[in-house]
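Step one of this worksheet: look at the structure below.
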Amino acid sequence: MADLADVQHGLWEHFPHTPLPDSYMGKPPLDLSSRHRDPAWREALRLIAERLASGSEPVAALCERIRQATDEELENWAPCLLEANVQSIDPGLAPFVAAALQVSWTAFAAGLDQDRFGVIECGYRCPICGSWPVASVLQTGGSVQGLRYLCCSLCSTEWNRPRIHCIHCGSNKEVSYFGLDGAGDAVKAEACAGCKTYVKIMNREKEPFLDPFADDLATLGLDILMAEEGYERLGFNPLLIPGS
Amino acid sequence: MQVTRRQFFKLSAATLGGSTLTALGFSPREALAEVRTFKLTRTTETRNTCPYCSVACGLILYSLGDKAKNAKSEIIHIEGDPDHPVSRGSLCPKGAGLLGFVHSETRVTFPEYRAPGTRKWKRVTWDFALERIAKLMKEDRDRHFVAKNDKGQTVNRWPTIGFLAASASSNETGYLTHKVLRSLGIVALDNQARV
């Protein structure tokens with residue numbers, strides 16, 4: 001997973017500035033449903049597969065599968081990931097396909113001029129691309145100290161939502177925080193008993209280097225115990241697609 | 001796997017089997033074994049307002065327990081509410097020390113009464129306290145109420161009593177306080193929001 005992140009970082013240069021929408025018509029500016037995918041993401045995916053091909057099995061086999069795939073096949077893998085449709089995603093390919101799409105969309109999002117869009121009203125879907133959040137973090141420092149931001153699973157945008165509110169149904173009546181006893185309290189599941197969903201909330205005041213993707217995986221136990229309590233997971237992490 | 005809504009799911013021993021982790025060669029068995037050593041803890045966070053002064057800073061109270069029957073919840077931590085539009089998460093030393101105030105041994109949690117001429121405080125019921133207050137208020141009002149002034153104009157004043165309202169009141173509470181007290185004729189009405 002760490003190698004994959006390193007490769008992602010190195011791919012940044014492959015996404016030069018592209019024309020971006022300069023107005024916001026009541027929809028996320030990089031809306032998944034309307035935006036055409038930049039073909040460069042396929043190139044990114046092939047580069048990822050190439051650079052990780054020397055890894056151990058079964059990663060090498062998955063990379064080989066990506067390298068052999070046609071453009072059309074690659075394009076067919078993208079929609080189910082973009083829609084976070086866990087039932088139709090191939091769990092093995094997901095991290096690689098998602099990594100390429102993430103670089104592509106993050107490069108777009110980083111090129112947006114924030115001042116042009118002003119404040120965008122948003123709920124639990126990303127205000128920039130409309131994707132699902134992976135988790136939320138409590139920020140530290142300056143004017144954002146202690147504020148909760150949701151992290152986009154696709155374009156890395158972070159957006160503010162008030163704390164002690166269910167991000168799914170908006171209720172603040174039955175929100176409680178579940179943690180793992182003895183595993184520190186930096187990562188908790190913010191759960192709503194009303195709609196029975198949860199999203200992880202990571203407190204950077206307790207651990208400054210918490211990462212919404214990696215520490216989501218690192219707290220897998222929390223997901224399993226939350227499932228036993230009858231809660232469903234809202235956060236979407238392409239590194240963690242369940243089997244059927 | 002149970003999927004009731006498009007993207008929501010529950011992770012379990014079964015769904016970990018075919019998951020990304022196993023597809024990449026990790027063994028879920030290890031993770032599952034580790035999970036068995038953990039227990040879920042549950043805390044609640046509740047918004048409130050600092051009771052001390054007129055700034056009325058936002059608070060988050062952290063408590064243990066799940067509000068279930070027979071389970072005693074306990075406030076374990078209090079800090080400023082970063083989402084609060086006025087205080088933005090900050091608290092003064094008094095507000096930051098609220099946990100000690102909540103758990104103070106000398107905190108008064110029930111009404112007490114010291115009869116005139118005695119030295120001892122006695123625990124009384126809320127009914128007793130409210131009745132006693134109402135009775136004394138009525139006596140005082142009956143004796144001192146000013147219906148008309150020297151010129152014969154109707155004024156309906158009750159000048160011998162004062163009322164100090166709270167710091168953390170909402171607009172609605174303020175409206176009701178005003179309505180009730182002014183209708184009794186109370187003139188000396190002040191609010192801690194002005195202190």
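Chain labels follow the order of the structure tokens: the first chain is A, the next B, and so on; residue numbering restarts at 1 in every chain, and ligands are counted from 1 in their shown order.
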With a distance threshold of 7 Å and counting only C-alpha atoms, extract the residues of chain B near chain A and express them as a PDB file with N, CA and C atoms, in the first residue's frame.
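Okay, this is what ended up in out.pdb:
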ATOM      1  N   MET B   1     -22.638 -10.775   2.167  1.00  0.00           N
ATOM      2  CA  MET B   1     -22.520  -9.357   2.490  1.00  0.00           C
ATOM      3  C   MET B   1     -23.881  -8.688   2.457  1.00  0.00           C
ATOM      4  N   ARG B   6     -26.705   1.662  -1.527  1.00  0.00           N
ATOM      5  CA  ARG B   6     -25.743   1.398  -2.577  1.00  0.00           C
ATOM      6  C   ARG B   6     -24.313   1.222  -2.097  1.00  0.00           C
ATOM      7  N   GLN B   7     -23.833   2.119  -1.282  1.00  0.00           N
ATOM      8  CA  GLN B   7     -22.420   2.102  -0.969  1.00  0.00           C
ATOM      9  C   GLN B   7     -22.113   1.668   0.461  1.00  0.00           C
ATOM     10  N   PHE B   8     -23.153   1.400   1.244  1.00  0.00           N
ATOM     11  CA  PHE B   8     -22.898   1.079   2.638  1.00  0.00           C
ATOM     12  C   PHE B   8     -22.709  -0.419   2.793  1.00  0.00           C
ATOM     13  N   PHE B   9     -21.841  -0.777   3.700  1.00  0.00           N
ATOM     14  CA  PHE B   9     -21.656  -2.206   3.913  1.00  0.00           C
ATOM     15  C   PHE B   9     -21.150  -2.470   5.311  1.00  0.00           C
ATOM     16  N   LYS B  10     -21.198  -3.728   5.665  1.00  0.00           N
ATOM     17  CA  LYS B  10     -20.666  -4.145   6.957  1.00  0.00           C
ATOM     18  C   LYS B  10     -19.488  -5.077   6.701  1.00  0.00           C
ATOM     19  N   LEU B  11     -18.411  -4.851   7.401  1.00  0.00           N
ATOM     20  CA  LEU B  11     -17.260  -5.741   7.278  1.00  0.00           C
ATOM     21  C   LEU B  11     -17.396  -6.855   8.301  1.00  0.00           C
ATOM     22  N   SER B  12     -17.147  -8.051   7.870  1.00  0.00           N
ATOM     23  CA  SER B  12     -17.222  -9.164   8.809  1.00  0.00           C
ATOM     24  C   SER B  12     -16.154 -10.171   8.422  1.00  0.00           C
ATOM     25  N   THR B  15     -16.865 -11.275   4.832  1.00  0.00           N
ATOM     26  CA  THR B  15     -16.593 -10.361   3.722  1.00  0.00           C
ATOM     27  C   THR B  15     -15.118  -9.982   3.637  1.00  0.00           C
ATOM     28  N   LEU B  16     -14.378 -10.173   4.728  1.00  0.00           N
ATOM     29  CA  LEU B  16     -12.932  -9.931   4.658  1.00  0.00           C
ATOM     30  C   LEU B  16     -12.268 -10.981   3.783  1.00  0.00           C
ATOM     31  N   GLY B  17     -12.879 -12.146   3.721  1.00  0.00           N
ATOM     32  CA  GLY B  17     -12.321 -13.263   2.946  1.00  0.00           C
ATOM     33  C   GLY B  17     -12.024 -12.892   1.514  1.00  0.00           C
ATOM     34  N   GLY B  18     -12.960 -12.277   0.820  1.00  0.00           N
ATOM     35  CA  GLY B  18     -12.743 -11.943  -0.590  1.00  0.00           C
ATOM     36  C   GLY B  18     -12.385 -10.493  -0.794  1.00  0.00           C
ATOM     37  N   SER B  19     -11.953  -9.822   0.258  1.00  0.00           N
ATOM     38  CA  SER B  19     -11.754  -8.370   0.185  1.00  0.00           C
ATOM     39  C   SER B  19     -10.436  -7.996  -0.482  1.00  0.00           C
ATOM     40  N   THR B  20     -10.242  -6.698  -0.631  1.00  0.00           N
ATOM     41  CA  THR B  20      -8.999  -6.168  -1.180  1.00  0.00           C
ATOM     42  C   THR B  20      -7.786  -6.708  -0.424  1.00  0.00           C
ATOM     43  N   LEU B  21      -7.928  -6.776   0.894  1.00  0.00           N
ATOM     44  CA  LEU B  21      -6.779  -7.212   1.701  1.00  0.00           C
ATOM     45  C   LEU B  21      -6.326  -8.609   1.321  1.00  0.00           C
ATOM     46  N   ALA B  23      -7.034 -10.140  -1.477  1.00  0.00           N
ATOM     47  CA  ALA B  23      -6.631 -10.126  -2.887  1.00  0.00           C
ATOM     48  C   ALA B  23      -5.180  -9.675  -3.035  1.00  0.00           C
ATOM     49  N   LEU B  24      -4.710  -8.861  -2.093  1.00  0.00           N
ATOM     50  CA  LEU B  24      -3.329  -8.385  -2.155  1.00  0.00           C
ATOM     51  C   LEU B  24      -2.389  -9.250  -1.317  1.00  0.00           C
ATOM     52  N   GLY B  25      -2.927 -10.325  -0.772  1.00  0.00           N
ATOM     53  CA  GLY B  25      -2.058 -11.286  -0.105  1.00  0.00           C
ATOM     54  C   GLY B  25      -1.945 -11.144   1.405  1.00  0.00           C
ATOM     55  N   VAL B  35      -8.837  -8.519  16.601  1.00  0.00           N
ATOM     56  CA  VAL B  35     -10.113  -7.887  16.939  1.00  0.00           C
ATOM     57  C   VAL B  35     -10.712  -8.514  18.184  1.00  0.00           C
ATOM     58  N   PHE B  38     -10.113  -6.923  21.449  1.00  0.00           N
ATOM     59  CA  PHE B  38     -10.613  -5.560  21.711  1.00  0.00           C
ATOM     60  C   PHE B  38     -12.072  -5.564  22.128  1.00  0.00           C
ATOM     61  N   LYS B  39     -12.416  -4.503  22.823  1.00  0.00           N
ATOM     62  CA  LYS B  39     -13.803  -4.291  23.210  1.00  0.00           C
ATOM     63  C   LYS B  39     -14.153  -2.874  22.768  1.00  0.00           C
ATOM     64  N   LEU B  40     -15.397  -2.655  22.398  1.00  0.00           N
ATOM     65  CA  LEU B  40     -15.809  -1.305  22.002  1.00  0.00           C
ATOM     66  C   LEU B  40     -16.015  -0.437  23.238  1.00  0.00           C
ATOM     67  N   THR B  41     -15.528   0.799  23.152  1.00  0.00           N
ATOM     68  CA  THR B  41     -15.872   1.769  24.197  1.00  0.00           C
ATOM     69  C   THR B  41     -16.849   2.754  23.587  1.00  0.00           C
ATOM     70  N   ARG B  42     -17.659   3.344  24.414  1.00  0.00           N
ATOM     71  CA  ARG B  42     -18.650   4.268  23.868  1.00  0.00           C
ATOM     72  C   ARG B  42     -18.652   5.558  24.674  1.00  0.00           C
ATOM     73  N   THR B  43     -18.456   6.655  23.978  1.00  0.00           N
ATOM     74  CA  THR B  43     -18.561   7.959  24.636  1.00  0.00           C
ATOM     75  C   THR B  43     -19.599   8.799  23.898  1.00  0.00           C
ATOM     76  N   THR B  44     -20.117   9.768  24.612  1.00  0.00           N
ATOM     77  CA  THR B  44     -21.097  10.667  24.018  1.00  0.00           C
ATOM     78  C   THR B  44     -20.544  12.077  24.100  1.00  0.00           C
ATOM     79  N   GLU B  45     -20.792  12.865  23.073  1.00  0.00           N
ATOM     80  CA  GLU B  45     -20.410  14.270  23.114  1.00  0.00           C
ATOM     81  C   GLU B  45     -21.688  15.092  23.059  1.00  0.00           C
ATOM     82  N   PRO B  82     -15.408  23.970  18.956  1.00  0.00           N
ATOM     83  CA  PRO B  82     -14.792  24.688  17.826  1.00  0.00           C
ATOM     84  C   PRO B  82     -15.819  25.190  16.819  1.00  0.00           C
ATOM     85  N   ASP B  83     -16.998  24.568  16.757  1.00  0.00           N
ATOM     86  CA  ASP B  83     -18.019  24.994  15.800  1.00  0.00           C
ATOM     87  C   ASP B  83     -18.817  26.195  16.297  1.00  0.00           C
TER      88      ASP B  83
END
Exercise for review: Write out as an MDAnalysis selection string the residues lying within 9 Å of segment 63-66 of chain A, counting only C-alpha atoms and excluding same-chain residues fewer than 6 positions away.
Suggested key: chainID A and resid 45:46 48:53 74 93 96:97
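Between atom CA of Leu59 of chain B and atom CA of Tyr149 of chain A the separation is 19.2 Å.
Between His9 of chain A and the residues A:Ala78, A:Thr106, A:Gly141, A:Glu205, the shortest atom-to-atom distance, using only C-alpha atoms, involves A:Thr106.
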Practice item. Could you find all residues in segment 110-206 of chain A that DSSP calls strand (DSSP E or B) from the backbone, and write them as a VMD selection string? Key: chain A and resid 133 to 138 148 to 152 158 to 160 175 to 180 187 to 192 197 to 203
Let's have the selection written as a tab-separated table (two decimals), in the first residue's frame, with N, CA and C atoms.
chain	number	residue	atom	x	y	z
A	133	PRO	N	-16.96	10.39	1.02
A	133	PRO	CA	-15.78	10.62	1.85
A	133	PRO	C	-15.20	9.28	2.32
A	134	VAL	N	-13.90	9.27	2.60
A	134	VAL	CA	-13.30	8.06	3.17
A	134	VAL	C	-13.47	8.07	4.68
A	135	ALA	N	-13.25	9.22	5.28
A	135	ALA	CA	-13.35	9.37	6.74
A	135	ALA	C	-13.35	10.86	7.03
A	136	SER	N	-13.36	11.23	8.31
A	136	SER	CA	-13.24	12.64	8.65
A	136	SER	C	-12.11	12.84	9.64
A	137	VAL	N	-11.54	14.04	9.62
A	137	VAL	CA	-10.45	14.34	10.56
A	137	VAL	C	-10.79	15.60	11.36
A	138	LEU	N	-10.33	15.60	12.60
A	138	LEU	CA	-10.39	16.82	13.41
A	138	LEU	C	-9.06	17.52	13.22
A	148	ARG	N	-14.11	19.69	12.21
A	148	ARG	CA	-14.16	18.41	11.54
A	148	ARG	C	-14.25	18.62	10.01
A	149	TYR	N	-13.37	17.95	9.29
A	149	TYR	CA	-13.39	17.99	7.83
A	149	TYR	C	-13.54	16.57	7.30
A	150	LEU	N	-14.42	16.42	6.32
A	150	LEU	CA	-14.53	15.14	5.64
A	150	LEU	C	-13.50	15.11	4.52
A	151	CYS	N	-12.96	13.91	4.25
A	151	CYS	CA	-11.92	13.78	3.21
A	151	CYS	C	-12.47	13.01	2.03
A	152	CYS	N	-12.35	13.60	0.86
A	152	CYS	CA	-12.87	12.96	-0.35
A	152	CYS	C	-12.04	11.72	-0.69
A	158	GLU	N	-10.97	18.42	1.15
A	158	GLU	CA	-11.50	18.29	2.51
A	158	GLU	C	-12.55	19.37	2.70
A	159	TRP	N	-13.66	19.00	3.28
A	159	TRP	CA	-14.72	19.99	3.50
A	159	TRP	C	-15.29	19.87	4.91
A	160	ASN	N	-15.69	21.03	5.41
A	160	ASN	CA	-16.12	21.14	6.80
A	160	ASN	C	-17.56	20.67	7.00
A	175	VAL	N	-26.14	10.58	18.43
A	175	VAL	CA	-24.78	10.39	17.93
A	175	VAL	C	-23.88	9.98	19.08
A	176	SER	N	-23.15	8.90	18.91
A	176	SER	CA	-22.17	8.56	19.93
A	176	SER	C	-20.88	8.08	19.27
A	177	TYR	N	-19.84	7.98	20.07
A	177	TYR	CA	-18.50	7.73	19.54
A	177	TYR	C	-17.97	6.41	20.06
A	178	PHE	N	-17.65	5.52	19.14
A	178	PHE	CA	-17.14	4.21	19.53
A	178	PHE	C	-15.64	4.15	19.25
A	179	GLY	N	-14.93	3.58	20.19
A	179	GLY	CA	-13.49	3.40	20.00
A	179	GLY	C	-13.10	2.00	20.42
A	180	LEU	N	-11.84	1.66	20.18
A	180	LEU	CA	-11.34	0.36	20.61
A	180	LEU	C	-10.67	0.52	21.97
A	187	VAL	N	-8.72	7.48	16.87
A	187	VAL	CA	-9.67	7.14	15.80
A	187	VAL	C	-10.93	6.57	16.43
A	188	LYS	N	-12.04	7.20	16.11
A	188	LYS	CA	-13.32	6.72	16.63
A	188	LYS	C	-14.33	6.62	15.50
A	189	ALA	N	-15.38	5.86	15.77
A	189	ALA	CA	-16.48	5.77	14.81
A	189	ALA	C	-17.60	6.66	15.32
A	190	GLU	N	-17.94	7.67	14.52
A	190	GLU	CA	-19.07	8.53	14.89
A	190	GLU	C	-20.33	7.87	14.36
A	191	ALA	N	-21.13	7.37	15.27
A	191	ALA	CA	-22.26	6.53	14.87
A	191	ALA	C	-23.59	7.17	15.24
A	192	CYS	N	-24.56	7.02	14.34
A	192	CYS	CA	-25.89	7.55	14.58
A	192	CYS	C	-26.84	6.38	14.80
A	197	THR	N	-25.73	4.35	10.77
A	197	THR	CA	-24.51	4.41	9.96
A	197	THR	C	-23.41	5.05	10.80
A	198	TYR	N	-22.17	4.89	10.34
A	198	TYR	CA	-21.06	5.53	11.04
A	198	TYR	C	-20.02	5.98	10.04
A	199	VAL	N	-19.23	6.95	10.49
A	199	VAL	CA	-18.07	7.39	9.71
A	199	VAL	C	-16.95	7.58	10.72
A	200	LYS	N	-15.73	7.25	10.31
A	200	LYS	CA	-14.63	7.38	11.26
A	200	LYS	C	-14.24	8.84	11.43
A	201	ILE	N	-13.81	9.16	12.63
A	201	ILE	CA	-13.39	10.52	12.91
A	201	ILE	C	-12.01	10.42	13.56
A	202	MET	N	-11.03	11.07	12.92
A	202	MET	CA	-9.63	10.92	13.34
A	202	MET	C	-9.15	12.22	13.95
A	203	ASN	N	-8.68	12.13	15.18
A	203	ASN	CA	-8.33	13.33	15.93
A	203	ASN	C	-6.83	13.62	15.82
Exercise for review: Name the residues in contact with segment 91-104 of chain B at a cut-off of 12 Å, using only C-alpha atoms, excluding same-chain residues fewer than 6 positions from it; report them as an NGL selection string.
Suggested key: :B and (48-53 or 55-63 or 74-82 or 84)
For N, CA and C atoms, I'd like the residues from the last selection saved as a PDB file, in the first residue's frame.
ATOM      1  N   ASN B  48     -23.226  22.210  24.977  1.00  0.00           N
ATOM      2  CA  ASN B  48     -23.865  22.981  26.029  1.00  0.00           C
ATOM      3  C   ASN B  48     -23.270  24.388  26.019  1.00  0.00           C
ATOM      4  N   THR B  49     -23.716  25.223  26.948  1.00  0.00           N
ATOM      5  CA  THR B  49     -23.232  26.591  27.014  1.00  0.00           C
ATOM      6  C   THR B  49     -22.612  26.841  28.375  1.00  0.00           C
ATOM      7  N   CYS B  50     -21.483  27.501  28.399  1.00  0.00           N
ATOM      8  CA  CYS B  50     -20.819  27.804  29.666  1.00  0.00           C
ATOM      9  C   CYS B  50     -21.742  28.675  30.527  1.00  0.00           C
ATOM     10  N   PRO B  51     -21.900  28.334  31.810  1.00  0.00           N
ATOM     11  CA  PRO B  51     -22.857  29.058  32.650  1.00  0.00           C
ATOM     12  C   PRO B  51     -22.313  30.350  33.246  1.00  0.00           C
ATOM     13  N   TYR B  52     -21.029  30.629  33.082  1.00  0.00           N
ATOM     14  CA  TYR B  52     -20.445  31.706  33.876  1.00  0.00           C
ATOM     15  C   TYR B  52     -20.820  33.100  33.417  1.00  0.00           C
ATOM     16  N   CYS B  53     -20.419  33.514  32.232  1.00  0.00           N
ATOM     17  CA  CYS B  53     -20.585  34.932  31.917  1.00  0.00           C
ATOM     18  C   CYS B  53     -21.379  35.163  30.646  1.00  0.00           C
ATOM     19  N   VAL B  55     -20.565  36.027  27.700  1.00  0.00           N
ATOM     20  CA  VAL B  55     -20.077  35.595  26.391  1.00  0.00           C
ATOM     21  C   VAL B  55     -20.797  34.318  25.966  1.00  0.00           C
ATOM     22  N   ALA B  56     -21.141  33.475  26.966  1.00  0.00           N
ATOM     23  CA  ALA B  56     -21.869  32.226  26.720  1.00  0.00           C
ATOM     24  C   ALA B  56     -21.146  31.333  25.706  1.00  0.00           C
ATOM     25  N   CYS B  57     -19.896  31.007  25.999  1.00  0.00           N
ATOM     26  CA  CYS B  57     -19.083  30.170  25.112  1.00  0.00           C
ATOM     27  C   CYS B  57     -19.696  28.782  24.926  1.00  0.00           C
ATOM     28  N   GLY B  58     -19.498  28.238  23.739  1.00  0.00           N
ATOM     29  CA  GLY B  58     -19.973  26.887  23.449  1.00  0.00           C
ATOM     30  C   GLY B  58     -19.072  25.849  24.086  1.00  0.00           C
ATOM     31  N   LEU B  59     -19.687  24.775  24.588  1.00  0.00           N
ATOM     32  CA  LEU B  59     -18.941  23.704  25.243  1.00  0.00           C
ATOM     33  C   LEU B  59     -19.262  22.377  24.569  1.00  0.00           C
ATOM     34  N   ILE B  60     -18.292  21.455  24.644  1.00  0.00           N
ATOM     35  CA  ILE B  60     -18.599  20.055  24.348  1.00  0.00           C
ATOM     36  C   ILE B  60     -18.326  19.262  25.618  1.00  0.00           C
ATOM     37  N   LEU B  61     -19.342  18.547  26.093  1.00  0.00           N
ATOM     38  CA  LEU B  61     -19.184  17.709  27.275  1.00  0.00           C
ATOM     39  C   LEU B  61     -18.994  16.265  26.798  1.00  0.00           C
ATOM     40  N   TYR B  62     -17.923  15.638  27.225  1.00  0.00           N
ATOM     41  CA  TYR B  62     -17.651  14.253  26.858  1.00  0.00           C
ATOM     42  C   TYR B  62     -18.079  13.366  28.022  1.00  0.00           C
ATOM     43  N   SER B  63     -18.927  12.401  27.729  1.00  0.00           N
ATOM     44  CA  SER B  63     -19.325  11.525  28.823  1.00  0.00           C
ATOM     45  C   SER B  63     -19.230  10.061  28.442  1.00  0.00           C
ATOM     46  N   GLU B  74     -21.170   9.421  33.016  1.00  0.00           N
ATOM     47  CA  GLU B  74     -20.330  10.315  33.802  1.00  0.00           C
ATOM     48  C   GLU B  74     -19.582  11.247  32.864  1.00  0.00           C
ATOM     49  N   ILE B  75     -19.590  12.540  33.193  1.00  0.00           N
ATOM     50  CA  ILE B  75     -18.857  13.499  32.369  1.00  0.00           C
ATOM     51  C   ILE B  75     -17.366  13.333  32.645  1.00  0.00           C
ATOM     52  N   ILE B  76     -16.585  13.093  31.595  1.00  0.00           N
ATOM     53  CA  ILE B  76     -15.162  12.840  31.803  1.00  0.00           C
ATOM     54  C   ILE B  76     -14.284  13.989  31.315  1.00  0.00           C
ATOM     55  N   HIS B  77     -14.835  14.871  30.493  1.00  0.00           N
ATOM     56  CA  HIS B  77     -13.994  15.917  29.933  1.00  0.00           C
ATOM     57  C   HIS B  77     -14.886  17.024  29.388  1.00  0.00           C
ATOM     58  N   ILE B  78     -14.408  18.269  29.504  1.00  0.00           N
ATOM     59  CA  ILE B  78     -15.161  19.396  28.946  1.00  0.00           C
ATOM     60  C   ILE B  78     -14.185  20.282  28.179  1.00  0.00           C
ATOM     61  N   GLU B  79     -14.524  20.629  26.948  1.00  0.00           N
ATOM     62  CA  GLU B  79     -13.681  21.578  26.236  1.00  0.00           C
ATOM     63  C   GLU B  79     -14.522  22.505  25.367  1.00  0.00           C
ATOM     64  N   GLY B  80     -13.885  23.527  24.833  1.00  0.00           N
ATOM     65  CA  GLY B  80     -14.594  24.505  24.004  1.00  0.00           C
ATOM     66  C   GLY B  80     -15.101  23.870  22.721  1.00  0.00           C
ATOM     67  N   ASP B  81     -16.218  24.374  22.203  1.00  0.00           N
ATOM     68  CA  ASP B  81     -16.798  23.842  20.981  1.00  0.00           C
ATOM     69  C   ASP B  81     -16.247  24.620  19.781  1.00  0.00           C
ATOM     70  N   PRO B  82     -15.408  23.970  18.956  1.00  0.00           N
ATOM     71  CA  PRO B  82     -14.792  24.688  17.826  1.00  0.00           C
ATOM     72  C   PRO B  82     -15.819  25.190  16.819  1.00  0.00           C
ATOM     73  N   HIS B  84     -18.613  26.587  17.562  1.00  0.00           N
ATOM     74  CA  HIS B  84     -19.427  27.672  18.100  1.00  0.00           C
ATOM     75  C   HIS B  84     -19.049  29.000  17.437  1.00  0.00           C
TER      76      HIS B  84
END
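Take the candidates B:Ser54, B:Ile133, B:Gln153, B:Lys148 and check each one against Ala168 of chain B using only C-alpha atoms; the shortest distance goes to B:Ser54.
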**Study point:** Separation of atom CA of Cys195 of chain A from atom CA of Ala98 of chain A, in Å and rounded to one decimal
**Key:** 28.3 Å
